[in-house]
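Chemist: Mind looking over this structure? Questions follow.
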Amino acid sequence: MASELDGLPVIATRREEAEGFLQGLVSKSLGWARKYSLFTYPFVTACCGMEYMTMASARYDSDRFGAAMPRFSPRQADLLMVVGTVNCKQAPILQRIYEQMADPKWVMAFGVCASSGGFYDNYATVQGIDRIIPVDVYVPGCPPRPEQVLDGIMLLQKKIQNQSHKLIDRKPLPVIAGGPGR
Amino acid sequence: MSKAVIAALVERFPDAVHAPYEGVGGDDCAFVERSRIVDVCRFLKEEPSLAFNMAPYITAVDYLGATPRFEVVYNLLSTVHNKRVRLRVKVPEGPEGVVPSVTGLWRGADWFERYCWDMYGIPFSGHPDMRRLLMYDEFEGHPLRKDYPLRGRQPLVVEREVHDIFRGPGPASRD
Ligand code: SF4
């Protein structure tokens, strides 16, 4: 019985259609605006930082993608770049910084250490920051070439463009994790 | 000259310094009694013909299975005479294996001794600030001991479940 209904086309009222159309327009233009104005917060902890500097400075120039403005306050940033090894002692700090960022926010894992722990499979290192915070783009490499990072930024821009951006989002904010001392 | 260092040491402390030998790189090495290490170091530092005014590196070694189990190694440098000497102190495991601190002689020994406590669990007596150096206070155990598990991670925050990524045999199943 249910299968019979499944085959039917979805009937939308004119109001829903109009709303969907409007929402689509808003999404597209908001996505377009947001993808070219990424304010990054560089969370630089290790040697990948050298590669971050190359990527951000004149030769590779991430400004061409609108992602050149490092904000050293997480409250003003919307792209968190985790550049380098994150160890267990730093994990609460990183999580706190992520939670301080205002929505909408995206996260890039820069280098194998941030993506998966890399070769530091030992007592001290978090095996990938996705165990602490959600990640949008992973850039592999030790350290990654600046071209790879730019490619990662472009992938992220594509993702932002295709996201559905709401004018008013009434969804409750997700709680990442509880831990000791919270 | 460096032969003279060890000779002077053995002559001055016949009961505390023993088994001198020439180590890798030509440095002079000797074993020192644990209770006399501060006296020996003070002599090395304050005797003008020796003048070991710097302790560039103090570390520890875990000889698992041997008794006594640990060894604290003092690498000393005389910038006046451009000589190095290495002192080895055998330390048993547990609270009775307390090593007298040399921070009173070289202020820079502070972090090295805290490092030895953090990584190997060797306590130092007379140290002004005996805390962990690198690991966090909540950490249990001493990670460079040979019987500490390699992947013995002690996360401070609850880790998220990651569903959509295949990781192979992950740390969760290995540790
Ligand atoms: S990925 Fe390589 S370059 Fe980057 S932080 Fe890790 S070890 Fe350093």
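Convention: chains lettered A, B, ... in structure tokens order; per-chain residue numbering from 1; ligands numbered from 1 as shown.
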Residues within 10 Å of ligand 1, counting only C-alpha atoms and all ligand atoms: report them as a VMD selection string.

Modeler: chain A and resid 44 to 52 82 to 86 109 to 120 139 to 144

Chemist: The selected residues should be written to file as a short mmCIF file (atom, residue, chain, number, x, y, z; two decimals), in the first residue's frame (atoms: N, CA and C atoms).

Modeler:
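Output saved as part.cif:
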data_model
loop_
_atom_site.label_atom_id
_atom_site.label_comp_id
_atom_site.auth_asym_id
_atom_site.auth_seq_id
_atom_site.Cartn_x
_atom_site.Cartn_y
_atom_site.Cartn_z
N VAL A 44 47.48 27.17 14.27
CA VAL A 44 48.76 26.62 13.81
C VAL A 44 49.52 26.05 14.99
N THR A 45 49.80 24.75 14.93
CA THR A 45 50.48 24.13 16.06
C THR A 45 51.83 23.55 15.70
N ALA A 46 52.12 23.29 14.44
CA ALA A 46 53.35 22.56 14.15
C ALA A 46 53.91 22.98 12.80
N CYS A 47 54.74 22.12 12.24
CA CYS A 47 55.54 22.45 11.07
C CYS A 47 54.70 22.82 9.85
N CYS A 48 53.47 22.35 9.74
CA CYS A 48 52.61 22.73 8.62
C CYS A 48 52.43 24.24 8.56
N GLY A 49 52.67 24.93 9.66
CA GLY A 49 52.54 26.37 9.68
C GLY A 49 53.41 27.04 8.63
N MET A 50 54.59 26.46 8.35
CA MET A 50 55.45 27.04 7.32
C MET A 50 54.74 27.01 5.98
N GLU A 51 54.07 25.90 5.73
CA GLU A 51 53.37 25.76 4.46
C GLU A 51 52.14 26.67 4.42
N TYR A 52 51.55 26.86 5.57
CA TYR A 52 50.42 27.80 5.65
C TYR A 52 50.88 29.20 5.24
N VAL A 82 42.91 23.97 10.88
CA VAL A 82 43.72 23.32 11.90
C VAL A 82 45.00 22.86 11.22
N VAL A 83 46.09 23.57 11.50
CA VAL A 83 47.34 23.40 10.77
C VAL A 83 48.34 22.76 11.71
N GLY A 84 48.52 21.46 11.60
CA GLY A 84 49.55 20.82 12.40
C GLY A 84 49.01 19.78 13.35
N THR A 85 49.94 19.24 14.13
CA THR A 85 49.62 18.14 15.04
C THR A 85 48.80 18.65 16.21
N VAL A 86 47.74 17.95 16.52
CA VAL A 86 46.95 18.28 17.71
C VAL A 86 47.13 17.14 18.70
N ALA A 109 41.02 20.49 7.76
CA ALA A 109 42.15 19.78 8.38
C ALA A 109 43.32 19.86 7.42
N PHE A 110 44.36 20.55 7.85
CA PHE A 110 45.49 20.91 6.99
C PHE A 110 46.65 19.97 7.32
N GLY A 111 46.96 19.03 6.43
CA GLY A 111 48.08 18.11 6.68
C GLY A 111 47.61 16.81 7.29
N VAL A 112 48.45 15.78 7.16
CA VAL A 112 48.02 14.47 7.65
C VAL A 112 47.87 14.43 9.16
N CYS A 113 48.65 15.23 9.85
CA CYS A 113 48.54 15.19 11.32
C CYS A 113 47.14 15.60 11.76
N ALA A 114 46.65 16.70 11.20
CA ALA A 114 45.32 17.14 11.58
C ALA A 114 44.26 16.19 11.03
N SER A 115 44.52 15.59 9.85
CA SER A 115 43.49 14.74 9.25
C SER A 115 43.36 13.41 9.96
N SER A 116 44.50 12.80 10.32
CA SER A 116 44.41 11.44 10.82
C SER A 116 45.41 11.14 11.92
N GLY A 117 46.13 12.12 12.39
CA GLY A 117 47.20 11.83 13.34
C GLY A 117 48.52 11.54 12.64
N GLY A 118 48.46 11.21 11.36
CA GLY A 118 49.68 10.97 10.60
C GLY A 118 50.47 9.82 11.17
N PHE A 119 51.76 9.99 11.19
CA PHE A 119 52.61 8.91 11.70
C PHE A 119 52.78 9.00 13.20
N TYR A 120 52.16 9.99 13.84
CA TYR A 120 52.27 10.07 15.30
C TYR A 120 51.21 9.18 15.93
N VAL A 139 42.95 18.03 3.82
CA VAL A 139 44.03 18.23 2.86
C VAL A 139 45.18 17.32 3.27
N PRO A 140 45.45 16.25 2.53
CA PRO A 140 46.53 15.37 2.92
C PRO A 140 47.89 15.94 2.54
N GLY A 141 48.93 15.31 3.01
CA GLY A 141 50.28 15.74 2.68
C GLY A 141 51.04 16.14 3.93
N CYS A 142 52.35 15.97 3.85
CA CYS A 142 53.15 16.24 5.05
C CYS A 142 54.38 17.03 4.69
N PRO A 143 54.36 18.33 4.61
CA PRO A 143 53.15 19.16 4.63
C PRO A 143 52.52 19.17 3.24
N PRO A 144 51.26 19.57 3.11
CA PRO A 144 50.65 19.62 1.78
C PRO A 144 51.28 20.73 0.94
#

Chemist: List as a list in words the protein and nucleic acid residues near stretch 67-69 of chain A, meaning an atom at most 9 Å away when only C-alpha atoms are counted, but skip any in the same chain fewer than 6 places from it.

Modeler: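 Final neighbour list, sorted by chain and number: Lys35, Tyr36, Ser37, Leu38, Phe39, Thr40, Tyr41, Ala56, Ser57, Asp61, Ala77, Leu79 and Ile153 of chain A.
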
Chemist: Out of B:Val40, B:Val91, B:Met135, B:Ala109, which residue has the shortest atom-to-atom distance to B:Pro123 when counting only C-alpha atoms?

Modeler: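 The closest residue to B:Pro123 is B:Val91.
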
Chemist: Quick one, how far is atom CA of B:Val38 from atom CA of B:Pro100?

Modeler: 6.7 Å

Chemist: Give as a list in words every residue of chain B that touches chain A within 8 Å, counting only C-alpha atoms.

Modeler: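 Those within range of chain A come out as Met135, Tyr136, Pro143, Pro149, Leu150, Arg151, Gly152, Arg153, Gln154, Pro155, Leu156, Val157, Val158, Glu159, Arg160, Glu161, Val162 and Pro171 of chain B.
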
Chemist: Would you mind exporting N, CA, C and O atoms of the selected residues as a PDB file, in the first residue's frame?

Modeler:
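Done, and the output landed in part_0.pdb:
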ATOM      1  N   MET B 135      53.369  16.403  29.820  1.00  0.00           N
ATOM      2  CA  MET B 135      52.031  15.823  29.826  1.00  0.00           C
ATOM      3  C   MET B 135      51.142  16.603  30.785  1.00  0.00           C
ATOM      4  O   MET B 135      51.620  17.368  31.608  1.00  0.00           O
ATOM      5  N   TYR B 136      49.821  16.397  30.640  1.00  0.00           N
ATOM      6  CA  TYR B 136      48.884  17.134  31.476  1.00  0.00           C
ATOM      7  C   TYR B 136      48.750  16.445  32.835  1.00  0.00           C
ATOM      8  O   TYR B 136      49.100  15.278  32.991  1.00  0.00           O
ATOM      9  N   PRO B 143      54.973   7.999  30.246  1.00  0.00           N
ATOM     10  CA  PRO B 143      54.880   7.411  28.911  1.00  0.00           C
ATOM     11  C   PRO B 143      56.183   6.880  28.316  1.00  0.00           C
ATOM     12  O   PRO B 143      56.122   6.055  27.425  1.00  0.00           O
ATOM     13  N   PRO B 149      52.110   1.273  27.424  1.00  0.00           N
ATOM     14  CA  PRO B 149      51.692   0.911  26.056  1.00  0.00           C
ATOM     15  C   PRO B 149      51.933   2.056  25.084  1.00  0.00           C
ATOM     16  O   PRO B 149      51.719   3.224  25.412  1.00  0.00           O
ATOM     17  N   LEU B 150      52.363   1.727  23.861  1.00  0.00           N
ATOM     18  CA  LEU B 150      52.726   2.738  22.868  1.00  0.00           C
ATOM     19  C   LEU B 150      51.549   3.649  22.563  1.00  0.00           C
ATOM     20  O   LEU B 150      51.695   4.847  22.441  1.00  0.00           O
ATOM     21  N   ARG B 151      50.359   3.062  22.421  1.00  0.00           N
ATOM     22  CA  ARG B 151      49.191   3.863  22.078  1.00  0.00           C
ATOM     23  C   ARG B 151      48.310   4.090  23.299  1.00  0.00           C
ATOM     24  O   ARG B 151      47.101   4.176  23.170  1.00  0.00           O
ATOM     25  N   GLY B 152      48.885   4.170  24.454  1.00  0.00           N
ATOM     26  CA  GLY B 152      48.094   4.363  25.666  1.00  0.00           C
ATOM     27  C   GLY B 152      47.618   5.803  25.777  1.00  0.00           C
ATOM     28  O   GLY B 152      48.078   6.542  26.620  1.00  0.00           O
ATOM     29  N   ARG B 153      46.672   6.159  24.909  1.00  0.00           N
ATOM     30  CA  ARG B 153      46.186   7.546  24.908  1.00  0.00           C
ATOM     31  C   ARG B 153      45.190   7.739  26.039  1.00  0.00           C
ATOM     32  O   ARG B 153      44.388   6.866  26.325  1.00  0.00           O
ATOM     33  N   GLN B 154      45.261   8.905  26.641  1.00  0.00           N
ATOM     34  CA  GLN B 154      44.323   9.243  27.714  1.00  0.00           C
ATOM     35  C   GLN B 154      43.649  10.553  27.340  1.00  0.00           C
ATOM     36  O   GLN B 154      44.067  11.608  27.801  1.00  0.00           O
ATOM     37  N   PRO B 155      42.628  10.503  26.463  1.00  0.00           N
ATOM     38  CA  PRO B 155      42.041  11.744  25.959  1.00  0.00           C
ATOM     39  C   PRO B 155      41.373  12.546  27.058  1.00  0.00           C
ATOM     40  O   PRO B 155      40.801  12.000  27.995  1.00  0.00           O
ATOM     41  N   LEU B 156      41.457  13.877  26.899  1.00  0.00           N
ATOM     42  CA  LEU B 156      40.860  14.780  27.877  1.00  0.00           C
ATOM     43  C   LEU B 156      39.404  15.081  27.558  1.00  0.00           C
ATOM     44  O   LEU B 156      38.653  15.459  28.434  1.00  0.00           O
ATOM     45  N   VAL B 157      39.036  14.989  26.278  1.00  0.00           N
ATOM     46  CA  VAL B 157      37.653  15.243  25.903  1.00  0.00           C
ATOM     47  C   VAL B 157      37.078  13.953  25.337  1.00  0.00           C
ATOM     48  O   VAL B 157      37.811  13.112  24.815  1.00  0.00           O
ATOM     49  N   VAL B 158      35.771  13.810  25.447  1.00  0.00           N
ATOM     50  CA  VAL B 158      35.124  12.625  24.896  1.00  0.00           C
ATOM     51  C   VAL B 158      35.209  12.706  23.372  1.00  0.00           C
ATOM     52  O   VAL B 158      34.870  13.732  22.786  1.00  0.00           O
ATOM     53  N   GLU B 159      35.677  11.639  22.745  1.00  0.00           N
ATOM     54  CA  GLU B 159      35.869  11.699  21.306  1.00  0.00           C
ATOM     55  C   GLU B 159      34.571  11.379  20.591  1.00  0.00           C
ATOM     56  O   GLU B 159      33.749  10.601  21.072  1.00  0.00           O
ATOM     57  N   ARG B 160      34.386  12.013  19.415  1.00  0.00           N
ATOM     58  CA  ARG B 160      33.165  11.803  18.651  1.00  0.00           C
ATOM     59  C   ARG B 160      33.238  10.464  17.949  1.00  0.00           C
ATOM     60  O   ARG B 160      34.307   9.958  17.652  1.00  0.00           O
ATOM     61  N   GLU B 161      32.057   9.930  17.670  1.00  0.00           N
ATOM     62  CA  GLU B 161      31.990   8.762  16.803  1.00  0.00           C
ATOM     63  C   GLU B 161      32.118   9.259  15.373  1.00  0.00           C
ATOM     64  O   GLU B 161      31.452  10.210  14.976  1.00  0.00           O
ATOM     65  N   VAL B 162      32.979   8.661  14.581  1.00  0.00           N
ATOM     66  CA  VAL B 162      33.112   9.031  13.183  1.00  0.00           C
ATOM     67  C   VAL B 162      32.577   7.875  12.371  1.00  0.00           C
ATOM     68  O   VAL B 162      33.105   6.780  12.416  1.00  0.00           O
ATOM     69  N   PRO B 171      42.457   3.065  16.360  1.00  0.00           N
ATOM     70  CA  PRO B 171      43.017   3.039  17.708  1.00  0.00           C
ATOM     71  C   PRO B 171      42.029   2.511  18.733  1.00  0.00           C
ATOM     72  O   PRO B 171      42.432   1.885  19.703  1.00  0.00           O
TER      73      PRO B 171
END

Chemist: Which of chain B end up as helix (DSSP H, G or I) when DSSP is run on this backbone - answer as an MDAnalysis selection string?

Modeler: chainID B and resid 2:12 24:26 34:46 109:120 171:174

Chemist: Can you list, as a VMD selection string, every protein, DNA or RNA residue that comes within 10 Å of A:Ala102 when you count only C-alpha atoms, leaving out same-chain residues fewer than 4 positions away?

Modeler: chain A and resid 74 to 78 98

Chemist: Skip stretch 15-32 of chain B itself and residues of its chain fewer than 6 positions away, then list as a VMD selection string all residues within 8 Å of it, counting only C-alpha atoms.

Modeler: chain B and resid 2 to 3 6 9 84 to 90

Chemist: For the residues in the current selection, export all heavy atoms as a compact mmCIF listing (two decimals), in the first residue's frame.

Modeler:
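Contents of part_27.txt, as written:
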# COMPACT_ATOMS: atom_id res chain seq x y z
N SER B 2 90.74 15.66 29.52
CA SER B 2 89.53 15.04 30.05
C SER B 2 89.86 13.80 30.87
O SER B 2 89.15 13.49 31.81
CB SER B 2 88.59 14.69 28.92
OG SER B 2 89.28 14.02 27.90
N LYS B 3 90.96 13.14 30.52
CA LYS B 3 91.41 12.06 31.41
C LYS B 3 91.66 12.63 32.80
O LYS B 3 91.34 12.01 33.81
CB LYS B 3 92.72 11.46 30.87
CG LYS B 3 92.51 10.41 29.80
CD LYS B 3 92.21 9.07 30.44
CE LYS B 3 91.65 8.12 29.42
NZ LYS B 3 90.29 8.49 28.97
N ILE B 6 88.43 12.88 34.96
CA ILE B 6 88.00 11.64 35.62
C ILE B 6 89.01 11.25 36.71
O ILE B 6 88.62 10.82 37.81
CB ILE B 6 87.83 10.52 34.57
CG1 ILE B 6 86.60 10.79 33.74
CG2 ILE B 6 87.74 9.17 35.23
CD1 ILE B 6 85.30 10.70 34.50
N LEU B 9 88.34 13.26 39.68
CA LEU B 9 87.11 12.81 40.33
C LEU B 9 87.35 11.57 41.16
O LEU B 9 86.95 11.49 42.33
CB LEU B 9 86.04 12.51 39.28
CG LEU B 9 85.10 13.64 38.89
CD1 LEU B 9 84.02 13.10 37.96
CD2 LEU B 9 84.46 14.24 40.11
N ARG B 84 83.79 17.96 28.06
CA ARG B 84 82.50 17.37 28.44
C ARG B 84 82.74 16.15 29.31
O ARG B 84 83.76 15.47 29.18
CB ARG B 84 81.70 16.94 27.21
CG ARG B 84 81.16 18.10 26.44
CD ARG B 84 80.51 17.64 25.16
NE ARG B 84 80.14 18.79 24.35
CZ ARG B 84 78.98 19.41 24.46
NH1 ARG B 84 78.07 18.99 25.32
NH2 ARG B 84 78.71 20.46 23.72
N VAL B 85 81.80 15.85 30.15
CA VAL B 85 81.88 14.66 30.97
C VAL B 85 80.46 14.13 31.16
O VAL B 85 79.49 14.90 31.10
CB VAL B 85 82.58 14.97 32.32
CG1 VAL B 85 81.69 15.78 33.22
CG2 VAL B 85 83.03 13.70 33.01
N ARG B 86 80.35 12.83 31.28
CA ARG B 86 79.03 12.22 31.41
C ARG B 86 78.99 11.38 32.67
O ARG B 86 79.84 10.50 32.86
CB ARG B 86 78.76 11.34 30.18
CG ARG B 86 77.30 10.96 30.02
CD ARG B 86 77.11 10.12 28.78
NE ARG B 86 77.69 10.73 27.60
CZ ARG B 86 78.21 10.04 26.59
NH1 ARG B 86 78.22 8.73 26.61
NH2 ARG B 86 78.72 10.65 25.55
N LEU B 87 78.04 11.67 33.54
CA LEU B 87 77.91 10.93 34.80
C LEU B 87 76.64 10.10 34.76
O LEU B 87 75.59 10.58 34.33
CB LEU B 87 77.85 11.90 35.98
CG LEU B 87 78.99 12.90 36.10
CD1 LEU B 87 78.76 13.82 37.27
CD2 LEU B 87 80.32 12.18 36.25
N ARG B 88 76.74 8.86 35.17
CA ARG B 88 75.57 7.97 35.17
C ARG B 88 75.27 7.56 36.60
O ARG B 88 76.15 7.14 37.33
CB ARG B 88 75.86 6.75 34.31
CG ARG B 88 76.13 7.12 32.85
CD ARG B 88 76.69 5.97 32.07
NE ARG B 88 75.74 4.88 31.94
CZ ARG B 88 75.96 3.79 31.20
NH1 ARG B 88 77.09 3.67 30.54
NH2 ARG B 88 75.07 2.84 31.14
N VAL B 89 73.99 7.67 36.94
CA VAL B 89 73.56 7.36 38.30
C VAL B 89 72.49 6.28 38.22
O VAL B 89 71.48 6.46 37.53
CB VAL B 89 73.00 8.61 39.00
CG1 VAL B 89 72.45 8.25 40.37
CG2 VAL B 89 74.06 9.67 39.12
N LYS B 90 72.70 5.16 38.88
CA LYS B 90 71.71 4.09 38.85
C LYS B 90 70.63 4.38 39.87
O LYS B 90 70.91 4.79 41.00
CB LYS B 90 72.37 2.76 39.15
CG LYS B 90 73.27 2.29 38.01
CD LYS B 90 73.52 0.82 38.10
CE LYS B 90 74.36 0.32 36.94
NZ LYS B 90 73.64 0.42 35.67

Chemist: Within stretch 74-168 of chain A, find each residue whose DSSP state, derived from the backbone, is strand (DSSP E or B), and express the selection as a PyMOL selection string.

Modeler: chain A and resi 79-83+87+106-110+125+137-139

Chemist: Counting only C-alpha atoms, what is within 12 Å of stretch 60-68 of chain B, bar same-chain residues fewer than 6 positions away, as a ChimeraX atom specification?

Modeler: /B:34,74-75,87-94,96-97,99,112-123,142-148

Chemist: Report, in Å with one decimal, the straight-line distance from atom CA of B:Ala8 to atom CA of B:Cys41.

Modeler: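 The value is 12.6 Å.
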